[in-house]
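Q: input.txt is reproduced in full below (compact mmCIF, C-alpha atoms (C1' of nucleotides)).
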# COMPACT_ATOMS: atom_id res chain seq x y z
CA MET A 780 15.46 1.91 -5.40
CA GLY A 781 11.84 0.96 -4.85
CA LEU A 782 11.37 3.43 -2.03
CA HIS A 783 9.26 5.81 -4.10
CA LEU A 784 7.29 2.82 -5.23
CA ILE A 785 6.57 1.68 -1.72
CA THR A 786 5.62 5.18 -0.64
CA ALA A 787 3.28 5.57 -3.58
CA MET A 788 1.65 2.20 -3.16
CA ASN A 789 1.29 2.78 0.54
CA ALA A 790 -0.51 6.04 -0.15
CA LEU A 791 -2.74 4.38 -2.71
CA SER A 792 -3.62 1.42 -0.52
CA GLU A 793 -6.02 3.38 1.63
CA PRO A 794 -9.60 3.21 0.30
CA ASN A 795 -10.40 6.91 0.66
CA ARG A 796 -7.20 7.98 -0.98
CA PHE A 797 -7.72 5.48 -3.75
CA GLN A 798 -11.13 7.00 -4.37
CA ILE A 799 -9.65 10.48 -4.43
CA VAL A 800 -7.21 9.38 -7.11
CA GLU A 801 -9.98 7.77 -9.12
CA LEU A 802 -11.96 10.97 -8.84
CA LEU A 803 -9.09 13.19 -9.93
CA ARG A 804 -8.75 11.26 -13.16
CA ASP A 805 -11.62 13.31 -14.53
CA GLY A 806 -9.67 16.47 -13.86
CA PRO A 807 -8.45 18.76 -11.08
CA LEU A 808 -10.72 19.49 -8.13
CA THR A 809 -10.73 21.60 -5.01
CA VAL A 810 -10.70 20.12 -1.53
CA GLY A 811 -14.33 21.01 -1.01
CA GLU A 812 -15.41 19.40 -4.26
CA ILE A 813 -13.58 16.21 -3.40
CA ALA A 814 -15.06 16.14 0.08
CA VAL A 815 -18.61 16.57 -1.23
CA LYS A 816 -18.29 14.08 -4.06
CA LEU A 817 -16.88 11.42 -1.79
CA GLY A 818 -19.06 12.22 1.21
CA MET A 819 -16.16 12.80 3.52
CA LEU A 820 -15.40 15.60 5.96
CA GLN A 821 -13.13 18.41 4.92
CA PRO A 822 -10.38 17.87 7.52
CA GLN A 823 -9.89 14.21 6.64
CA THR A 824 -9.93 15.12 2.98
CA SER A 825 -7.15 17.60 3.54
CA LYS A 826 -5.21 15.05 5.55
CA HIS A 827 -5.48 12.41 2.87
CA LEU A 828 -4.48 14.91 0.22
CA ARG A 829 -1.44 15.72 2.30
CA VAL A 830 -0.37 12.11 2.25
CA LEU A 831 -0.96 11.89 -1.48
CA ASN A 832 1.01 15.08 -1.94
CA LYS A 833 3.97 13.85 0.07
CA ALA A 834 3.94 10.68 -2.02
CA GLY A 835 4.13 12.83 -5.15
CA ILE A 836 0.81 11.56 -6.42
CA VAL A 837 -0.94 14.92 -6.46
CA LYS A 838 0.12 18.52 -6.70
CA VAL A 839 -1.62 21.66 -5.48
CA GLU A 840 -2.29 24.86 -7.27
CA ALA A 841 -3.45 27.80 -5.18
CA SER A 842 -6.29 29.90 -6.55
CA ALA A 843 -7.53 32.54 -4.15
CA ASN A 844 -8.44 30.72 -0.97
CA LYS A 845 -9.06 27.51 -2.85
CA ARG A 846 -6.56 24.79 -3.47
CA ILE A 847 -6.85 22.80 -6.65
CA TYR A 848 -5.44 19.30 -6.60
CA HIS A 849 -4.44 17.40 -9.69
CA LEU A 850 -2.76 14.10 -10.43
CA GLN A 851 0.90 13.69 -11.18
CA GLN A 852 2.17 11.10 -13.65
CA GLU A 853 5.51 10.14 -12.16
CA PRO A 854 4.42 7.75 -9.42
CA PHE A 855 2.21 5.87 -11.82
CA GLN A 856 4.99 5.66 -14.33
CA ASP A 857 7.27 4.35 -11.60
CA ILE A 858 4.83 1.61 -10.71
CA ASP A 859 4.34 0.88 -14.37
CA ALA A 860 8.06 0.58 -14.94
CA TRP A 861 8.35 -1.81 -12.05
CA LEU A 862 5.50 -3.92 -13.35
CA GLY A 863 7.24 -3.88 -16.70
CA SER A 864 9.98 -6.08 -15.35
CA PHE A 865 7.30 -8.51 -14.25
CA ARG A 866 5.79 -8.59 -17.71
CA GLN A 867 9.25 -9.47 -18.93
CA LEU A 868 9.40 -12.23 -16.37
CA TRP A 869 6.07 -13.76 -17.30
CA ASN A 870 6.91 -13.58 -20.98
CA ASP A 871 10.24 -15.32 -20.44
CA ARG A 872 8.50 -18.05 -18.49
CA PHE A 873 5.94 -18.40 -21.25
CA ASP A 874 8.68 -18.65 -23.83
CA ARG A 875 10.36 -21.40 -21.87
CA LEU A 876 7.05 -23.20 -21.63
CA GLU A 877 6.67 -22.97 -25.38
CA ASP A 878 10.18 -24.33 -25.86
CA TYR A 879 9.36 -27.17 -23.52
CA LEU A 880 6.19 -28.06 -25.36
CA LYS A 881 7.95 -27.81 -28.68
CA GLN A 882 10.67 -30.10 -27.40
CA MET A 883 8.07 -32.63 -26.27
CA GLN A 884 6.45 -32.46 -29.70
CA GLU A 885 9.74 -33.25 -31.42
CA ASN A 886 10.47 -36.15 -29.10
CA GLU A 887 7.03 -37.45 -29.88
CA ASN A 888 7.78 -37.44 -33.62
CA ASN A 889 11.04 -39.32 -33.17
CA ASN A 890 9.37 -42.43 -31.70
CA MET B 830 -13.88 -3.14 -8.09
CA GLY B 831 -10.48 -1.99 -6.97
CA LEU B 832 -10.64 -3.93 -3.72
CA HIS B 833 -8.20 -6.58 -4.87
CA LEU B 834 -5.98 -3.80 -6.06
CA ILE B 835 -5.96 -2.08 -2.72
CA THR B 836 -5.31 -5.33 -0.90
CA ALA B 837 -2.43 -6.17 -3.21
CA MET B 838 -0.86 -2.73 -3.03
CA ASN B 839 -1.26 -2.69 0.71
CA ALA B 840 0.57 -5.99 0.96
CA LEU B 841 3.32 -4.74 -1.32
CA SER B 842 3.77 -1.44 0.49
CA GLU B 843 5.65 -2.99 3.37
CA PRO B 844 9.43 -3.00 2.81
CA ASN B 845 10.07 -6.57 3.93
CA ARG B 846 7.23 -7.94 1.87
CA PHE B 847 8.37 -5.94 -1.11
CA GLN B 848 11.80 -7.51 -0.75
CA ILE B 849 10.28 -10.96 -0.54
CA VAL B 850 8.48 -10.35 -3.82
CA GLU B 851 11.64 -9.06 -5.45
CA LEU B 852 13.44 -12.15 -4.24
CA LEU B 853 10.81 -14.56 -5.51
CA ARG B 854 11.19 -13.21 -9.02
CA ASP B 855 14.25 -15.43 -9.41
CA GLY B 856 12.13 -18.45 -8.63
CA PRO B 857 10.30 -20.26 -5.82
CA LEU B 858 11.89 -20.44 -2.39
CA THR B 859 11.19 -22.03 0.96
CA VAL B 860 10.49 -19.99 4.07
CA GLY B 861 13.90 -20.74 5.47
CA GLU B 862 15.68 -19.69 2.31
CA ILE B 863 13.79 -16.42 2.23
CA ALA B 864 14.53 -15.76 5.87
CA VAL B 865 18.25 -16.36 5.42
CA LYS B 866 18.58 -14.40 2.20
CA LEU B 867 16.80 -11.38 3.66
CA GLY B 868 18.28 -11.67 7.12
CA MET B 869 14.96 -11.87 8.85
CA LEU B 870 13.65 -14.23 11.50
CA GLN B 871 11.54 -17.20 10.49
CA PRO B 872 8.36 -16.24 12.35
CA GLN B 873 8.18 -12.79 10.79
CA THR B 874 8.94 -14.30 7.42
CA SER B 875 6.02 -16.68 7.80
CA LYS B 876 3.77 -13.85 8.90
CA HIS B 877 4.67 -11.68 5.94
CA LEU B 878 4.17 -14.61 3.60
CA ARG B 879 0.75 -15.10 5.12
CA VAL B 880 -0.19 -11.55 4.25
CA LEU B 881 1.15 -11.94 0.73
CA ASN B 882 -0.74 -15.19 0.42
CA LYS B 883 -4.03 -13.67 1.53
CA ALA B 884 -3.50 -10.93 -1.00
CA GLY B 885 -3.09 -13.58 -3.70
CA ILE B 886 0.44 -12.49 -4.45
CA VAL B 887 2.09 -15.78 -3.57
CA LYS B 888 1.01 -19.39 -3.40
CA VAL B 889 2.39 -22.25 -1.33
CA GLU B 890 3.32 -25.70 -2.40
CA ALA B 891 3.96 -28.23 0.34
CA SER B 892 6.96 -30.52 -0.03
CA ALA B 893 7.63 -32.71 2.98
CA ASN B 894 7.90 -30.35 5.92
CA LYS B 895 8.98 -27.50 3.71
CA ARG B 896 6.73 -24.94 2.12
CA ILE B 897 7.71 -23.52 -1.20
CA TYR B 898 6.41 -20.08 -2.02
CA HIS B 899 6.12 -18.72 -5.54
CA LEU B 900 4.72 -15.61 -7.15
CA GLN B 901 1.30 -15.37 -8.69
CA GLN B 902 0.61 -13.26 -11.78
CA GLU B 903 -2.94 -12.12 -11.18
CA PRO B 904 -2.37 -9.29 -8.71
CA PHE B 905 0.31 -7.79 -10.89
CA GLN B 906 -1.90 -8.06 -13.91
CA ASP B 907 -4.67 -6.35 -11.96
CA ILE B 908 -2.42 -3.45 -11.06
CA ASP B 909 -1.16 -3.33 -14.60
CA ALA B 910 -4.68 -3.20 -15.97
CA TRP B 911 -5.53 -0.38 -13.63
CA LEU B 912 -2.43 1.56 -14.66
CA GLY B 913 -3.44 0.92 -18.23
CA SER B 914 -6.35 3.28 -17.85
CA PHE B 915 -3.92 5.90 -16.64
CA ARG B 916 -1.73 5.43 -19.66
CA GLN B 917 -4.83 6.05 -21.73
CA LEU B 918 -5.48 9.19 -19.73
CA TRP B 919 -2.00 10.61 -20.17
CA ASN B 920 -2.04 9.86 -23.87
CA ASP B 921 -5.38 11.60 -24.31
CA ARG B 922 -4.07 14.63 -22.48
CA PHE B 923 -0.97 14.61 -24.60
CA ASP B 924 -3.08 14.43 -27.75
CA ARG B 925 -5.11 17.41 -26.63
CA LEU B 926 -1.92 19.30 -25.91
CA GLU B 927 -0.73 18.52 -29.41
CA ASP B 928 -4.03 19.73 -30.83
CA TYR B 929 -3.70 22.90 -28.83
CA LEU B 930 -0.19 23.59 -30.01
CA LYS B 931 -1.18 22.81 -33.58
CA GLN B 932 -4.09 25.23 -33.28
CA MET B 933 -1.77 27.94 -31.98
CA GLN B 934 0.54 27.31 -34.89
CA GLU B 935 -2.28 27.74 -37.37
CA ASN B 936 -3.49 30.93 -35.74
CA GLU B 937 0.07 32.21 -35.89
CA ASN B 938 0.16 31.62 -39.66
CA ASN B 939 -3.11 33.49 -40.23
CA ASN B 940 -1.79 36.79 -38.84
C1' DT C 602 6.88 -43.81 18.79
C1' DC C 603 10.51 -40.40 19.66
C1' DA C 604 13.65 -36.71 18.06
C1' DG C 605 14.58 -33.07 15.26
C1' DA C 606 13.89 -29.90 11.37
C1' DA C 607 10.86 -26.59 9.11
C1' DT C 608 7.10 -23.79 9.51
C1' DA C 609 3.00 -21.64 11.62
C1' DT C 610 0.71 -19.45 15.39
C1' DT C 611 0.02 -17.02 19.67
C1' DC C 612 0.78 -13.49 23.09
C1' DC C 613 2.60 -9.26 24.27
C1' DT C 614 4.12 -4.61 23.45
C1' DG C 615 5.13 -0.42 21.00
C1' DT C 616 4.07 2.55 17.30
C1' DA C 617 1.95 4.52 13.23
C1' DA C 618 -2.03 6.02 11.34
C1' DA C 619 -7.10 7.12 10.76
C1' DG C 620 -11.31 9.44 12.30
C1' DG C 621 -13.82 13.14 15.10
C1' DA C 622 -14.03 17.61 16.93
C1' DA C 623 -12.20 21.83 17.60
C1' DT C 624 -9.23 25.47 16.23
C1' DA C 625 -5.87 28.01 13.35
C1' DT C 626 -4.74 30.05 8.91
C1' DT C 627 -5.35 32.42 4.62
C1' DA C 628 -7.79 35.04 1.13
C1' DG C 629 -11.54 37.67 -0.58
C1' DT C 630 -15.44 41.02 0.36
C1' DG C 631 -18.31 44.63 2.24
C1' DC D 527 -11.07 46.35 9.70
C1' DA D 528 -14.59 42.76 10.66
C1' DC D 529 -16.81 38.78 8.42
C1' DT D 530 -17.06 34.75 5.87
C1' DA D 531 -15.52 30.95 2.95
C1' DA D 532 -12.03 27.48 2.07
C1' DT D 533 -8.48 24.90 3.75
C1' DA D 534 -4.96 23.25 7.02
C1' DT D 535 -3.55 21.79 11.51
C1' DT D 536 -3.80 20.14 16.19
C1' DC D 537 -5.34 17.20 19.90
C1' DC D 538 -7.37 13.13 21.37
C1' DT D 539 -8.79 8.41 21.06
C1' DT D 540 -9.02 4.04 18.91
C1' DT D 541 -7.44 0.60 15.96
C1' DA D 542 -4.26 -1.96 12.90
C1' DC D 543 -0.07 -3.80 12.45
C1' DA D 544 4.93 -5.03 12.95
C1' DG D 545 8.54 -7.08 15.76
C1' DG D 546 10.23 -10.28 19.61
C1' DA D 547 9.90 -14.35 22.17
C1' DA D 548 7.82 -18.40 23.12
C1' DT D 549 5.11 -22.22 21.78
C1' DA D 550 2.39 -25.21 18.69
C1' DT D 551 2.15 -27.95 14.47
C1' DT D 552 3.62 -30.94 10.82
C1' DC D 553 6.56 -34.00 8.58
C1' DT D 554 10.56 -37.20 8.20
C1' DG D 555 13.51 -40.79 9.60
C1' DA D 556 15.52 -43.96 12.96
Could you write out this file's structure as structure tokens?

A:
Amino acid sequence: MGLHLITAMNALSEPNRFQIVELLRDGPLTVGEIAVKLGMLQPQTSKHLRVLNKAGIVKVEASANKRIYHLQQEPFQDIDAWLGSFRQLWNDRFDRLEDYLKQMQENENNN
Amino acid sequence: MGLHLITAMNALSEPNRFQIVELLRDGPLTVGEIAVKLGMLQPQTSKHLRVLNKAGIVKVEASANKRIYHLQQEPFQDIDAWLGSFRQLWNDRFDRLEDYLKQMQENENNN
DNA sequence: TCAGAATATTCCTGTAAAGGAATATTAGTG
DNA sequence: CACTAATATTCCTTTACAGGAATATTCTGA
């Protein structure tokens, strides 16, 4: 468990790759388009896309001699699911805080 | 924007640090307790906690000569907020797919 | 103040990964 | 079959970072 998560977050925690992901939210793009829009060289763009691809964050679609990259949902859903358990945690803690405050209130009234 | 995110994800994308975070979900722990529970040496534990601390993921509370580390919500909320925009994206795409299918259905009926 | 426990820091070393430059690959076109 | 465009890969160098071992720091209690 958690291995996909770590791989995905590792891939996303590189500024250029993060930017690529942000860019691809507006829709699929070719390597050249990404490189131009982000002001990076083509080889590094390809290399970063390779990492993103291995992490399952993007997928490629070949069209002639162009390669069109687009986002993939799964890794984001994985991260989201993991964060979900944290939301649960914070909510539980908040509930206990409420109970505590309520308890204090009642004790106050019994004086 | 996004810089905190990248820092947080980078900190989380190291297996040992990820484990530390998972462990701290059950409540605050001292360095020694973390080291024992995860079978790692104290110095490396301290070093990883330093990284997590700088990323805002954990905070320290001094108690005598012990240091008690506990999770912090903010980074997780940041990641969650970022993912939120993706949820929006997927939903929009799904809506458009529904529209498309509905359109096809209608065209089918008009033949 | 000294001893010991808990933690932090430093130094060293090995390794993974990123950028630059050059080159290889693949597909379309005349 | 050249020729070109688009992309991928390789090689090299540099840098960041993790682990190990040793040492420094901080706090407590006698």

Q: Contacts of range 537-549 of chain D at 10 Å or less, counting only C-alpha atoms (C1' of nucleotides), minus same-chain residues fewer than 6 places along, as number ranges by chain?

A: B: 843, 870, 872-873, 876-877; C: 610-624

Q: Once you have the residues from the selection above, write them out as an mmCIF file, in the frame of the given file, restricted to C-alpha atoms (C1' of nucleotides).

A:
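part-v6.cif, written as the output of this step:
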data_model
loop_
_atom_site.group_PDB
_atom_site.id
_atom_site.type_symbol
_atom_site.label_atom_id
_atom_site.label_comp_id
_atom_site.auth_asym_id
_atom_site.auth_seq_id
_atom_site.Cartn_x
_atom_site.Cartn_y
_atom_site.Cartn_z
ATOM 1 C CA GLU B 843 5.650 -2.990 3.370
ATOM 2 C CA LEU B 870 13.650 -14.230 11.500
ATOM 3 C CA PRO B 872 8.360 -16.240 12.350
ATOM 4 C CA GLN B 873 8.180 -12.790 10.790
ATOM 5 C CA LYS B 876 3.770 -13.850 8.900
ATOM 6 C CA HIS B 877 4.670 -11.680 5.940
ATOM 7 C "C1'" DT C 610 0.710 -19.450 15.390
ATOM 8 C "C1'" DT C 611 0.020 -17.020 19.670
ATOM 9 C "C1'" DC C 612 0.780 -13.490 23.090
ATOM 10 C "C1'" DC C 613 2.600 -9.260 24.270
ATOM 11 C "C1'" DT C 614 4.120 -4.610 23.450
ATOM 12 C "C1'" DG C 615 5.130 -0.420 21.000
ATOM 13 C "C1'" DT C 616 4.070 2.550 17.300
ATOM 14 C "C1'" DA C 617 1.950 4.520 13.230
ATOM 15 C "C1'" DA C 618 -2.030 6.020 11.340
ATOM 16 C "C1'" DA C 619 -7.100 7.120 10.760
ATOM 17 C "C1'" DG C 620 -11.310 9.440 12.300
ATOM 18 C "C1'" DG C 621 -13.820 13.140 15.100
ATOM 19 C "C1'" DA C 622 -14.030 17.610 16.930
ATOM 20 C "C1'" DA C 623 -12.200 21.830 17.600
ATOM 21 C "C1'" DT C 624 -9.230 25.470 16.230
#

Q: With a distance threshold of 8 Å and counting all atoms listed in the file, extract the residues of chain A near chain D and express them as a list in words.

A: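 On the chain A side, the interface is Val810, Gly811, Pro822, Ser825, Asn844, Lys845 and Arg846 of chain A.
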
Q: My list of candidates is A:Ala834, A:Met819, A:Leu868, A:Leu876. Which is closest to chain C when distances are computed with only C-alpha atoms (C1' of nucleotides)?

A: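 Of the candidates, the smallest distance to chain C is held by A:Met819.
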
Q: As an MDAnalysis selection string, could you give me every residue of chain A near chain B (at most 10 Å apart, counting all atoms listed in the file)?

A: chainID A and resid 781:782 784:794 797:798 801 804:805 851:852 855:856 858:859 861:866 868:869

Q: For the contact check between chain C and chain A, emit one row per residue of chain C within 8 Å, containing the shortest atom pair and the distance in Å rounded to one decimal, counting only C-alpha atoms (C1' of nucleotides), chain then rising number order, as JSON lines.

A:
{"residue": "C:DG620", "atom": "C1'", "partner": "A:Gln823", "partner_atom": "CA", "distance": 7.5}
{"residue": "C:DT627", "atom": "C1'", "partner": "A:Asn844", "partner_atom": "CA", "distance": 6.6}
{"residue": "C:DA628", "atom": "C1'", "partner": "A:Asn844", "partner_atom": "CA", "distance": 4.8}
{"residue": "C:DG629", "atom": "C1'", "partner": "A:Ala843", "partner_atom": "CA", "distance": 7.4}

Q: Quote the spacing between CA of Asp871 in chain A and CA of Val850 in chain B in Å to one decimal place.

A: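 Answer for the CA of Asp871 in chain A to CA of Val850 in chain B separation: 17.4 Å.
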
Q: Which value, in Å to one decimal, gives the distance between CA of Leu867 in chain B and CA of Asn882 in chain B?

A: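 Here the two named atoms are 18.2 Å from each other.
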
Q: So how many Å separate CA of Arg879 in chain B and CA of Arg846 in chain B, to one decimal?

A: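 Between CA of Arg879 in chain B and CA of Arg846 in chain B the gap works out to 10.2 Å.
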